[in-house]
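A.B. asks: File data03.pdb below, PDB, C-alpha atoms, pLDDT in the B column:
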```pdb
ATOM      1  CA  VAL A  49      47.808 -34.227  24.210  1.00 61.00           C
ATOM      2  CA  GLN A  50      48.023 -30.492  23.854  1.00 86.00           C
ATOM      3  CA  LEU A  51      46.380 -28.360  26.485  1.00 94.00           C
ATOM      4  CA  VAL A  52      45.434 -24.849  25.474  1.00 96.00           C
ATOM      5  CA  GLU A  53      44.524 -22.328  28.135  1.00 97.00           C
ATOM      6  CA  SER A  54      42.907 -19.026  27.229  1.00 98.00           C
ATOM      7  CA  GLY A  55      40.839 -16.190  28.602  1.00 98.00           C
ATOM      8  CA  GLY A  56      43.408 -14.373  30.666  1.00 98.00           C
ATOM      9  CA  GLY A  57      44.082 -10.675  30.549  1.00 98.00           C
ATOM     10  CA  LEU A  58      44.459  -7.482  32.498  1.00 98.00           C
ATOM     11  CA  VAL A  59      41.623  -6.731  34.876  1.00 98.00           C
ATOM     12  CA  GLN A  60      41.082  -4.284  37.700  1.00 98.00           C
ATOM     13  CA  PRO A  61      40.664  -5.478  41.267  1.00 98.00           C
ATOM     14  CA  GLY A  62      37.114  -6.655  41.767  1.00 98.00           C
ATOM     15  CA  GLY A  63      36.771  -7.652  38.149  1.00 98.00           C
ATOM     16  CA  SER A  64      36.032 -11.034  36.613  1.00 98.00           C
ATOM     17  CA  LEU A  65      37.542 -13.360  34.048  1.00 98.00           C
ATOM     18  CA  ARG A  66      36.579 -16.755  32.701  1.00 98.00           C
ATOM     19  CA  LEU A  67      39.448 -19.016  31.791  1.00 98.00           C
ATOM     20  CA  SER A  68      39.096 -21.898  29.371  1.00 98.00           C
ATOM     21  CA  CYS A  69      41.140 -25.054  29.000  1.00 97.00           C
ATOM     22  CA  SER A  70      40.841 -27.001  25.787  1.00 95.00           C
ATOM     23  CA  ALA A  71      41.892 -30.633  25.683  1.00 91.00           C
ATOM     24  CA  SER A  72      40.428 -31.476  22.317  1.00 84.00           C
ATOM     25  CA  ARG A  73      42.677 -34.452  21.706  1.00 84.00           C
ATOM     26  CA  SER A  74      42.247 -35.918  25.173  1.00 84.00           C
ATOM     27  CA  ILE A  75      40.187 -38.966  25.926  1.00 83.00           C
ATOM     28  CA  LEU A  76      37.497 -38.494  28.538  1.00 80.00           C
ATOM     29  CA  SER A  77      39.334 -40.422  31.235  1.00 84.00           C
ATOM     30  CA  THR A  78      42.276 -38.033  31.062  1.00 87.00           C
ATOM     31  CA  LEU A  79      40.476 -34.728  30.785  1.00 91.00           C
ATOM     32  CA  PRO A  80      42.074 -32.048  32.926  1.00 93.00           C
ATOM     33  CA  THR A  81      40.556 -31.846  36.379  1.00 94.00           C
ATOM     34  CA  THR A  82      42.554 -29.117  38.032  1.00 97.00           C
ATOM     35  CA  TRP A  83      43.505 -25.486  37.558  1.00 98.00           C
ATOM     36  CA  TYR A  84      46.901 -24.359  38.741  1.00 98.00           C
ATOM     37  CA  ARG A  85      48.659 -21.040  38.840  1.00 98.00           C
ATOM     38  CA  GLN A  86      52.195 -19.823  39.126  1.00 98.00           C
ATOM     39  CA  ALA A  87      53.000 -16.321  40.269  1.00 96.00           C
ATOM     40  CA  PRO A  88      56.406 -14.747  39.586  1.00 92.00           C
ATOM     41  CA  GLY A  89      59.032 -16.206  41.861  1.00 94.00           C
ATOM     42  CA  LYS A  90      56.653 -18.746  43.358  1.00 96.00           C
ATOM     43  CA  GLU A  91      55.979 -22.436  42.956  1.00 96.00           C
ATOM     44  CA  ARG A  92      53.056 -23.619  40.893  1.00 97.00           C
ATOM     45  CA  GLU A  93      50.036 -24.276  43.121  1.00 97.00           C
ATOM     46  CA  TRP A  94      46.706 -25.885  42.553  1.00 97.00           C
ATOM     47  CA  VAL A  95      43.778 -23.518  42.683  1.00 98.00           C
ATOM     48  CA  ALA A  96      40.613 -25.446  41.914  1.00 98.00           C
ATOM     49  CA  THR A  97      39.887 -29.074  41.229  1.00 97.00           C
ATOM     50  CA  PHE A  98      37.232 -31.684  40.678  1.00 96.00           C
ATOM     51  CA  THR A  99      37.475 -34.354  43.330  1.00 93.00           C
ATOM     52  CA  THR A 100      34.950 -37.187  42.998  1.00 85.00           C
ATOM     53  CA  GLY A 101      32.029 -36.971  40.637  1.00 79.00           C
ATOM     54  CA  ARG A 102      30.990 -33.352  40.404  1.00 83.00           C
ATOM     55  CA  ASN A 103      32.479 -32.404  43.758  1.00 94.00           C
ATOM     56  CA  THR A 104      34.986 -29.594  43.733  1.00 97.00           C
ATOM     57  CA  ASP A 105      37.574 -28.137  46.016  1.00 97.00           C
ATOM     58  CA  TYR A 106      39.424 -24.841  46.133  1.00 98.00           C
ATOM     59  CA  ILE A 107      42.335 -23.353  47.940  1.00 98.00           C
ATOM     60  CA  ASP A 108      41.149 -21.170  50.786  1.00 98.00           C
ATOM     61  CA  SER A 109      42.194 -17.914  49.172  1.00 97.00           C
ATOM     62  CA  VAL A 110      39.791 -18.350  46.239  1.00 98.00           C
ATOM     63  CA  LYS A 111      36.834 -20.014  47.936  1.00 98.00           C
ATOM     64  CA  GLY A 112      33.644 -18.141  47.199  1.00 97.00           C
ATOM     65  CA  ARG A 113      35.261 -16.288  44.302  1.00 98.00           C
ATOM     66  CA  PHE A 114      36.336 -18.960  41.808  1.00 98.00           C
ATOM     67  CA  THR A 115      34.244 -21.715  40.251  1.00 98.00           C
ATOM     68  CA  ILE A 116      35.548 -24.653  38.246  1.00 97.00           C
ATOM     69  CA  SER A 117      33.290 -26.244  35.676  1.00 96.00           C
ATOM     70  CA  ARG A 118      33.558 -28.461  32.635  1.00 94.00           C
ATOM     71  CA  ASP A 119      31.861 -29.478  29.431  1.00 94.00           C
ATOM     72  CA  THR A 120      32.939 -33.042  28.773  1.00 91.00           C
ATOM     73  CA  ALA A 121      31.267 -33.123  25.362  1.00 92.00           C
ATOM     74  CA  LYS A 122      33.456 -30.235  24.260  1.00 93.00           C
ATOM     75  CA  LYS A 123      36.454 -31.460  26.297  1.00 93.00           C
ATOM     76  CA  MET A 124      36.667 -28.093  27.962  1.00 95.00           C
ATOM     77  CA  VAL A 125      37.345 -27.060  31.549  1.00 96.00           C
ATOM     78  CA  TYR A 126      36.593 -23.579  32.793  1.00 98.00           C
ATOM     79  CA  LEU A 127      37.520 -21.363  35.699  1.00 98.00           C
ATOM     80  CA  GLN A 128      35.198 -18.493  36.488  1.00 98.00           C
ATOM     81  CA  MET A 129      37.057 -15.951  38.585  1.00 98.00           C
ATOM     82  CA  ASN A 130      35.137 -13.187  40.321  1.00 98.00           C
ATOM     83  CA  ASN A 131      36.175 -10.412  42.672  1.00 98.00           C
ATOM     84  CA  LEU A 132      39.746 -10.731  41.509  1.00 98.00           C
ATOM     85  CA  LYS A 133      42.527  -9.513  43.744  1.00 98.00           C
ATOM     86  CA  SER A 134      46.078  -8.474  42.999  1.00 97.00           C
ATOM     87  CA  GLU A 135      47.325 -11.679  44.608  1.00 97.00           C
ATOM     88  CA  ASP A 136      45.521 -13.659  41.913  1.00 98.00           C
ATOM     89  CA  THR A 137      48.030 -12.373  39.374  1.00 98.00           C
ATOM     90  CA  ALA A 138      49.729 -15.409  37.868  1.00 98.00           C
ATOM     91  CA  VAL A 139      49.935 -17.651  34.851  1.00 98.00           C
ATOM     92  CA  TYR A 140      47.099 -20.157  35.012  1.00 98.00           C
ATOM     93  CA  TYR A 141      47.333 -23.730  33.762  1.00 98.00           C
ATOM     94  CA  CYS A 142      45.133 -26.795  33.642  1.00 97.00           C
ATOM     95  CA  ASN A 143      46.118 -30.434  33.954  1.00 96.00           C
ATOM     96  CA  ARG A 144      45.185 -33.731  35.560  1.00 95.00           C
ATOM     97  CA  PRO A 145      47.360 -34.815  38.476  1.00 94.00           C
ATOM     98  CA  LEU A 146      48.241 -38.509  38.692  1.00 94.00           C
ATOM     99  CA  GLY A 147      49.986 -38.380  42.042  1.00 92.00           C
ATOM    100  CA  GLN A 148      53.655 -38.523  42.933  1.00 93.00           C
ATOM    101  CA  GLY A 149      54.312 -35.350  41.011  1.00 92.00           C
ATOM    102  CA  LYS A 150      53.115 -36.774  37.735  1.00 95.00           C
ATOM    103  CA  TYR A 151      50.493 -35.345  35.408  1.00 94.00           C
ATOM    104  CA  ALA A 152      48.412 -36.759  32.594  1.00 92.00           C
ATOM    105  CA  HIS A 153      49.558 -34.128  30.114  1.00 93.00           C
ATOM    106  CA  ASP A 154      52.491 -31.964  29.248  1.00 93.00           C
ATOM    107  CA  TRP A 155      51.950 -28.457  30.511  1.00 95.00           C
ATOM    108  CA  GLY A 156      50.416 -25.962  28.126  1.00 95.00           C
ATOM    109  CA  GLN A 157      51.581 -22.393  27.741  1.00 96.00           C
ATOM    110  CA  GLY A 158      49.133 -21.140  30.303  1.00 97.00           C
ATOM    111  CA  THR A 159      47.199 -17.914  30.259  1.00 98.00           C
ATOM    112  CA  GLN A 160      48.369 -14.770  32.019  1.00 98.00           C
ATOM    113  CA  VAL A 161      46.041 -13.127  34.500  1.00 98.00           C
ATOM    114  CA  THR A 162      47.069  -9.714  35.743  1.00 98.00           C
ATOM    115  CA  VAL A 163      44.998  -7.938  38.357  1.00 98.00           C
ATOM    116  CA  SER A 164      45.998  -4.321  38.661  1.00 97.00           C
ATOM    117  CA  SER A 165      44.483  -0.889  38.837  1.00 94.00           C
TER     118      SER A 165
END
```
Rewrite the structure from the file as C-alpha cells, please.
C.D. replies:
Amino acid sequence: VQLVESGGGLVQPGGSLRLSCSASRSILSTLPTTWYRQAPGKEREWVATFTTGRNTDYIDSVKGRFTISRDTAKKMVYLQMNNLKSEDTAVYYCNRPLGQGKYAHDWGQGTQVTVSS
C-alpha cells in the first residue's frame, strides 16, 4: 500500500500547517494511525497517534499545538499543526505501527516541514 504525505512547506514560527496522509489502497483495519517525523541527523520519532477508539496521544513537545484526525471514508489521516516552532522542522510521515519495530506499510516519501523566519 502506498502512503502519500502532503501539506508540508516553509512556515514562519507561530504559523500553522495541515498535513495529509493518503492511504487510498489501504483496507480500513490497516489505515495509518500515527504521524512520525525525522529531523536531520536524528532518529525518526512518533509525534501523534490514535490509541484506542478515538483517543489520541502526543509527544510532550507538541501537546496543545498538534491535532491528529482522520476521515476513514476517504482513508485519510491529518495532522493539524499550530504555533509551529523551529524544532518542529522535519520530514513528516504516517504509518501504522505493529510492534517490534514493524509497520503495516512501507514508508512513503514524507512531507518536509520547515519552520524558519
A.B. asks: Suppose a student applies the PyMOL selection byres ((chain A and resi 149-155) around 12) to this structure; what residues should they get, written as number ranges by chain?
C.D. replies: A: 49-53, 69, 71, 73-85, 92, 139-148, 156-159
A.B. asks: At most 7 Å from (47.6, -15.2, 47.7), file frame, all atoms listed in the file: which residues, as a PyMOL selection string?
C.D. replies: chain A and resi 109+135-136
A.B. asks: Smallest atom-to-atom distance to Val161 in chain A: which of A:Thr137, A:Ser117, A:Gln60, A:Asn131, using all atoms listed in the file?
C.D. replies: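 The shortest atom-to-atom distance to Val161 in chain A comes from A:Thr137.
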A.B. asks: Between CA of Lys123 in chain A and CA of Thr97 in chain A, what distance in Å does the model show, to one decimal?
C.D. replies: 15.5 Å
A.B. asks: Determine, counting only C-alpha atoms, which protein, DNA and RNA residues have an atom within 10 Å of an atom of Asp108 in chain A; residues of the same chain fewer than 4 positions away are not included. Present the result as a ChimeraX atom specification.
C.D. replies: /A:95-96,112
A.B. asks: Would you compute an axis-aligned box for range 160-164 of chain A, covering every atom listed for it in the file with 4 Å of margin on each side, and report centre and edge lengths in Å to one decimal as JSON?
C.D. replies:
```
{"center_x": 46.7, "center_y": -9.5, "center_z": 35.3, "size_x": 11.4, "size_y": 18.4, "size_z": 14.6}
```
A.B. asks: Determine the nearest neighbour of Thr115 in chain A from the options A:Lys90, A:Ser134, A:Leu65, A:Val163, counting all atoms listed in the file.
C.D. replies: A:Leu65
A.B. asks: Between CA of Met124 in chain A and CA of Gly63 in chain A, what is the distance, to one decimal in Å?
C.D. replies: 22.8 Å
A.B. asks: Record the distance separating CA of Asp119 in chain A and CA of Ser68 in chain A, expressed in Å with one decimal.
C.D. replies: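 So the answer is 10.5 Å.
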A.B. asks: Pick out the closest residue to Gly56 in chain A from this set: A:Ala121, A:Trp94, A:Leu127, A:Gly89. Count all atoms listed in the file.
C.D. replies: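 So, comparing all the options, the nearest one is A:Leu127.
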A.B. asks: Would you please work out which residue, of A:Ala87, A:Val110, A:Ile116, A:Leu132, is nearest to Gly62 in chain A when using only C-alpha atoms?
C.D. replies: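 So, comparing all the options, the nearest one is A:Leu132.
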A.B. asks: So, counting only C-alpha atoms, which residue among A:Asn103, A:Ser164, A:Asn130, A:Gln86 is closest to Pro61 in chain A?
C.D. replies: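 Nearest candidate to Pro61 in chain A out of A:Asn103, A:Ser164, A:Asn130, A:Gln86: A:Ser164.
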